[in-house]
file run28.pdb (PDB, N, CA and C atoms)
MODEL        1
ATOM      1  N   MET A   1      66.162 -21.816 -15.307
ATOM      2  CA  MET A   1      64.889 -21.389 -15.830
ATOM      3  C   MET A   1      64.898 -21.619 -17.344
ATOM      4  N   TRP A   2      63.860 -22.289 -17.841
ATOM      5  CA  TRP A   2      63.724 -22.549 -19.272
ATOM      6  C   TRP A   2      63.283 -21.283 -19.999
ATOM      7  N   ARG A   3      63.422 -21.268 -21.314
ATOM      8  CA  ARG A   3      63.089 -20.085 -22.108
ATOM      9  C   ARG A   3      61.619 -19.700 -21.960
ATOM     10  N   ASP A   4      60.702 -20.678 -22.004
ATOM     11  CA  ASP A   4      59.284 -20.348 -21.875
ATOM     12  C   ASP A   4      58.954 -19.867 -20.461
ATOM     13  N   GLU A   5      59.650 -20.394 -19.465
ATOM     14  CA  GLU A   5      59.478 -19.913 -18.094
ATOM     15  C   GLU A   5      59.974 -18.475 -17.973
ATOM     16  N   ALA A   6      61.063 -18.167 -18.620
ATOM     17  CA  ALA A   6      61.600 -16.807 -18.584
ATOM     18  C   ALA A   6      60.630 -15.824 -19.221
ATOM     19  N   ALA A   7      59.988 -16.231 -20.307
ATOM     20  CA  ALA A   7      58.995 -15.365 -20.958
ATOM     21  C   ALA A   7      57.801 -15.149 -20.036
ATOM     22  N   THR A   8      57.323 -16.211 -19.396
ATOM     23  CA  THR A   8      56.205 -16.086 -18.463
ATOM     24  C   THR A   8      56.587 -15.197 -17.295
ATOM     25  N   TRP A   9      57.782 -15.385 -16.742
ATOM     26  CA  TRP A   9      58.231 -14.581 -15.613
ATOM     27  C   TRP A   9      58.294 -13.101 -15.998
ATOM     28  N   GLN A  10      58.810 -12.839 -17.197
ATOM     29  CA  GLN A  10      58.941 -11.450 -17.654
ATOM     30  C   GLN A  10      57.567 -10.800 -17.806
ATOM     31  N   VAL A  11      56.618 -11.505 -18.414
ATOM     32  CA  VAL A  11      55.291 -10.928 -18.635
ATOM     33  C   VAL A  11      54.519 -10.837 -17.323
ATOM     34  N   ALA A  12      54.592 -11.845 -16.485
ATOM     35  CA  ALA A  12      53.826 -11.844 -15.233
ATOM     36  C   ALA A  12      54.292 -10.752 -14.274
ATOM     37  N   ASN A  13      55.489 -10.252 -14.447
ATOM     38  CA  ASN A  13      55.982  -9.160 -13.611
ATOM     39  C   ASN A  13      55.534  -7.793 -14.107
ATOM     40  N   ARG A  14      54.859  -7.748 -15.235
ATOM     41  CA  ARG A  14      54.301  -6.478 -15.727
ATOM     42  C   ARG A  14      53.048  -6.144 -14.927
ATOM     43  N   SER A  15      52.576  -4.925 -15.097
ATOM     44  CA  SER A  15      51.322  -4.552 -14.438
ATOM     45  C   SER A  15      50.167  -5.272 -15.118
ATOM     46  N   ALA A  16      49.057  -5.404 -14.396
ATOM     47  CA  ALA A  16      47.873  -6.053 -14.970
ATOM     48  C   ALA A  16      47.403  -5.304 -16.215
ATOM     49  N   ALA A  17      47.487  -3.978 -16.200
ATOM     50  CA  ALA A  17      47.084  -3.177 -17.360
ATOM     51  C   ALA A  17      47.971  -3.488 -18.574
ATOM     52  N   ASP A  18      49.258  -3.650 -18.353
ATOM     53  CA  ASP A  18      50.168  -4.001 -19.451
ATOM     54  C   ASP A  18      49.847  -5.383 -20.010
ATOM     55  N   ILE A  19      49.492  -6.312 -19.134
ATOM     56  CA  ILE A  19      49.149  -7.664 -19.598
ATOM     57  C   ILE A  19      47.866  -7.628 -20.412
ATOM     58  N   VAL A  20      46.881  -6.841 -19.977
ATOM     59  CA  VAL A  20      45.628  -6.712 -20.732
ATOM     60  C   VAL A  20      45.903  -6.105 -22.105
ATOM     61  N   ARG A  21      46.782  -5.102 -22.178
ATOM     62  CA  ARG A  21      47.152  -4.522 -23.479
ATOM     63  C   ARG A  21      47.821  -5.570 -24.366
ATOM     64  N   LEU A  22      48.573  -6.471 -23.762
ATOM     65  CA  LEU A  22      49.250  -7.535 -24.497
ATOM     66  C   LEU A  22      48.239  -8.473 -25.171
ATOM     67  N   LEU A  23      47.034  -8.567 -24.614
ATOM     68  CA  LEU A  23      46.010  -9.444 -25.187
ATOM     69  C   LEU A  23      45.661  -9.057 -26.630
ATOM     70  N   GLY A  24      45.935  -7.813 -26.998
ATOM     71  CA  GLY A  24      45.672  -7.379 -28.363
ATOM     72  C   GLY A  24      46.609  -8.018 -29.376
ATOM     73  N   THR A  25      47.751  -8.532 -28.914
ATOM     74  CA  THR A  25      48.727  -9.118 -29.828
ATOM     75  C   THR A  25      49.061 -10.566 -29.492
ATOM     76  N   THR A  26      48.398 -11.119 -28.485
ATOM     77  CA  THR A  26      48.700 -12.464 -27.993
ATOM     78  C   THR A  26      47.425 -13.277 -27.901
ATOM     79  N   ASP A  27      47.562 -14.570 -27.980
ATOM     80  CA  ASP A  27      46.452 -15.490 -27.785
ATOM     81  C   ASP A  27      45.811 -15.231 -26.418
ATOM     82  N   VAL A  28      44.493 -15.191 -26.374
ATOM     83  CA  VAL A  28      43.783 -14.896 -25.134
ATOM     84  C   VAL A  28      44.099 -15.925 -24.043
ATOM     85  N   VAL A  29      44.246 -17.181 -24.415
ATOM     86  CA  VAL A  29      44.562 -18.209 -23.425
ATOM     87  C   VAL A  29      45.877 -17.879 -22.730
ATOM     88  N   HIS A  30      46.881 -17.476 -23.491
ATOM     89  CA  HIS A  30      48.157 -17.104 -22.884
ATOM     90  C   HIS A  30      47.986 -15.869 -22.007
ATOM     91  N   GLY A  31      47.195 -14.923 -22.463
ATOM     92  CA  GLY A  31      46.955 -13.713 -21.685
ATOM     93  C   GLY A  31      46.315 -14.014 -20.343
ATOM     94  N   LEU A  32      45.338 -14.911 -20.334
ATOM     95  CA  LEU A  32      44.695 -15.297 -19.077
ATOM     96  C   LEU A  32      45.685 -16.008 -18.156
ATOM     97  N   TYR A  33      46.524 -16.841 -18.745
ATOM     98  CA  TYR A  33      47.564 -17.519 -17.956
ATOM     99  C   TYR A  33      48.522 -16.496 -17.349
ATOM    100  N   TYR A  34      48.916 -15.489 -18.144
ATOM    101  CA  TYR A  34      49.813 -14.457 -17.627
ATOM    102  C   TYR A  34      49.154 -13.671 -16.495
ATOM    103  N   LEU A  35      47.860 -13.386 -16.618
ATOM    104  CA  LEU A  35      47.154 -12.690 -15.538
ATOM    105  C   LEU A  35      47.091 -13.564 -14.284
ATOM    106  N   PHE A  36      46.857 -14.861 -14.473
ATOM    107  CA  PHE A  36      46.848 -15.796 -13.352
ATOM    108  C   PHE A  36      48.214 -15.811 -12.667
ATOM    109  N   MET A  37      49.278 -15.882 -13.465
ATOM    110  CA  MET A  37      50.628 -15.900 -12.896
ATOM    111  C   MET A  37      50.945 -14.569 -12.220
ATOM    112  N   HIS A  38      50.461 -13.477 -12.787
ATOM    113  CA  HIS A  38      50.656 -12.166 -12.172
ATOM    114  C   HIS A  38      50.045 -12.165 -10.767
ATOM    115  N   ALA A  39      48.844 -12.728 -10.635
ATOM    116  CA  ALA A  39      48.184 -12.801  -9.327
ATOM    117  C   ALA A  39      48.992 -13.677  -8.362
ATOM    118  N   LEU A  40      49.474 -14.823  -8.842
ATOM    119  CA  LEU A  40      50.299 -15.678  -7.983
ATOM    120  C   LEU A  40      51.560 -14.958  -7.529
ATOM    121  N   PHE A  41      52.184 -14.202  -8.444
ATOM    122  CA  PHE A  41      53.392 -13.458  -8.085
ATOM    123  C   PHE A  41      53.078 -12.398  -7.031
ATOM    124  N   GLU A  42      51.908 -11.788  -7.125
ATOM    125  CA  GLU A  42      51.519 -10.789  -6.134
ATOM    126  C   GLU A  42      51.350 -11.436  -4.760
ATOM    127  N   ILE A  43      50.814 -12.652  -4.732
ATOM    128  CA  ILE A  43      50.539 -13.331  -3.470
ATOM    129  C   ILE A  43      51.796 -13.978  -2.887
ATOM    130  N   PHE A  44      52.520 -14.737  -3.724
ATOM    131  CA  PHE A  44      53.639 -15.550  -3.236
ATOM    132  C   PHE A  44      55.016 -15.009  -3.608
ATOM    133  N   GLY A  45      55.077 -13.973  -4.422
ATOM    134  CA  GLY A  45      56.363 -13.447  -4.859
ATOM    135  C   GLY A  45      56.788 -14.095  -6.171
ATOM    136  N   GLY A  46      57.608 -13.410  -6.925
ATOM    137  CA  GLY A  46      58.022 -13.867  -8.251
ATOM    138  C   GLY A  46      59.216 -14.799  -8.223
ATOM    139  N   THR A  47      59.108 -15.882  -7.489
ATOM    140  CA  THR A  47      60.211 -16.828  -7.391
ATOM    141  C   THR A  47      60.050 -17.962  -8.395
ATOM    142  N   LEU A  48      61.102 -18.721  -8.576
ATOM    143  CA  LEU A  48      61.057 -19.874  -9.468
ATOM    144  C   LEU A  48      60.046 -20.904  -8.959
ATOM    145  N   LEU A  49      59.953 -21.060  -7.653
ATOM    146  CA  LEU A  49      58.977 -21.979  -7.078
ATOM    147  C   LEU A  49      57.556 -21.556  -7.447
ATOM    148  N   THR A  50      57.251 -20.281  -7.316
ATOM    149  CA  THR A  50      55.929 -19.781  -7.687
ATOM    150  C   THR A  50      55.679 -19.974  -9.172
ATOM    151  N   LEU A  51      56.697 -19.755  -9.976
ATOM    152  CA  LEU A  51      56.576 -19.910 -11.419
ATOM    153  C   LEU A  51      56.219 -21.342 -11.800
ATOM    154  N   ARG A  52      56.766 -22.302 -11.091
ATOM    155  CA  ARG A  52      56.534 -23.713 -11.411
ATOM    156  C   ARG A  52      55.367 -24.328 -10.644
ATOM    157  N   LEU A  53      54.796 -23.618  -9.694
ATOM    158  CA  LEU A  53      53.722 -24.132  -8.865
ATOM    159  C   LEU A  53      52.520 -24.654  -9.664
ATOM    160  N   PRO A  54      52.005 -23.944 -10.665
ATOM    161  CA  PRO A  54      50.861 -24.477 -11.422
ATOM    162  C   PRO A  54      51.177 -25.795 -12.122
ATOM    163  N   SER A  55      52.372 -25.941 -12.648
ATOM    164  CA  SER A  55      52.752 -27.192 -13.309
ATOM    165  C   SER A  55      52.845 -28.328 -12.305
ATOM    166  N   VAL A  56      53.409 -28.053 -11.153
ATOM    167  CA  VAL A  56      53.530 -29.085 -10.121
ATOM    168  C   VAL A  56      52.138 -29.524  -9.667
ATOM    169  N   LEU A  57      51.253 -28.567  -9.433
ATOM    170  CA  LEU A  57      49.897 -28.919  -9.014
ATOM    171  C   LEU A  57      49.150 -29.683 -10.113
ATOM    172  N   GLY A  58      49.408 -29.338 -11.370
ATOM    173  CA  GLY A  58      48.797 -30.055 -12.478
ATOM    174  C   GLY A  58      49.240 -31.499 -12.554
ATOM    175  N   VAL A  59      50.479 -31.761 -12.252
ATOM    176  CA  VAL A  59      51.005 -33.121 -12.287
ATOM    177  C   VAL A  59      50.463 -33.940 -11.118
ATOM    178  N   VAL A  60      50.342 -33.292  -9.967
ATOM    179  CA  VAL A  60      49.850 -33.989  -8.774
ATOM    180  C   VAL A  60      48.398 -34.341  -8.982
TER     181      VAL A  60
ENDMDL
END
call {"tool": "encode", "arguments": {"input": "run28.pdb", "output": "structure tokens"}}
result
Amino acid sequence: MWRDEAATWQVANRSAADIVRLLGTTDVVHGLYYLFMHALFEIFGGTLLTLRLPSVLGVV
């Protein structure tokens, strides 16, 4: 897992309320991405495959 992936994994595992609070100190685009990843983790689980799924779909 790369450093930026580890940061995304750590934030996406927080509660949605915690991620929204993070928007006060983070770029909104990143916050929306973290909320999106949080939803994916809820649906598919917080695995490395789920973490990389948006990038894989973007490349395809």
call {"tool": "residues_around", "arguments": {"input": "run28.pdb", "residues": "Leu23 of chain A", "least_positions_apart": "4", "cutoff": "12 Å", "atoms": "only C-alpha atoms", "output": "VMD selection string"}}
result
chain A and resid 11 16 to 19 27 to 35
call {"tool": "axis_aligned_box", "arguments": {"input": "run28.pdb", "around": "segment 6-21 of chain A", "padding_each_side": "5 Å", "output": "lines of an AutoDock Vina configuration file"}}
result
center_x = 53.6
center_y = -10.7
center_z = -19.0
size_x = 26.0
size_y = 25.0
size_z = 20.8
call {"tool": "atom_distance", "arguments": {"input": "run28.pdb", "atom1": "atom CA of Val56 of chain A", "atom2": "atom CA of Glu5 of chain A"}}
result
13.5 Å
call {"tool": "atom_distance", "arguments": {"input": "run28.pdb", "atom1": "atom CA of Thr26 of chain A", "atom2": "atom C of Ala7 of chain A"}}
result
12.4 Å
call {"tool": "resolve_selection", "arguments": {"input": "run28.pdb", "expression": "the PyMOL selection byres ((chain A and resi 41-54) around 8)", "output": "list of chain:residue names"}}
result
A:Met1, A:Glu5, A:Thr8, A:Trp9, A:Ala12, A:Asn13, A:Leu35, A:Phe36, A:Met37, A:His38, A:Ala39, A:Leu40, A:Ser55, A:Val56, A:Leu57, A:Gly58, A:Val59, A:Val60
call {"tool": "atom_distance", "arguments": {"input": "run28.pdb", "atom1": "atom C of Ala6 of chain A", "atom2": "atom C of Arg21 of chain A"}}
result
17.2 Å
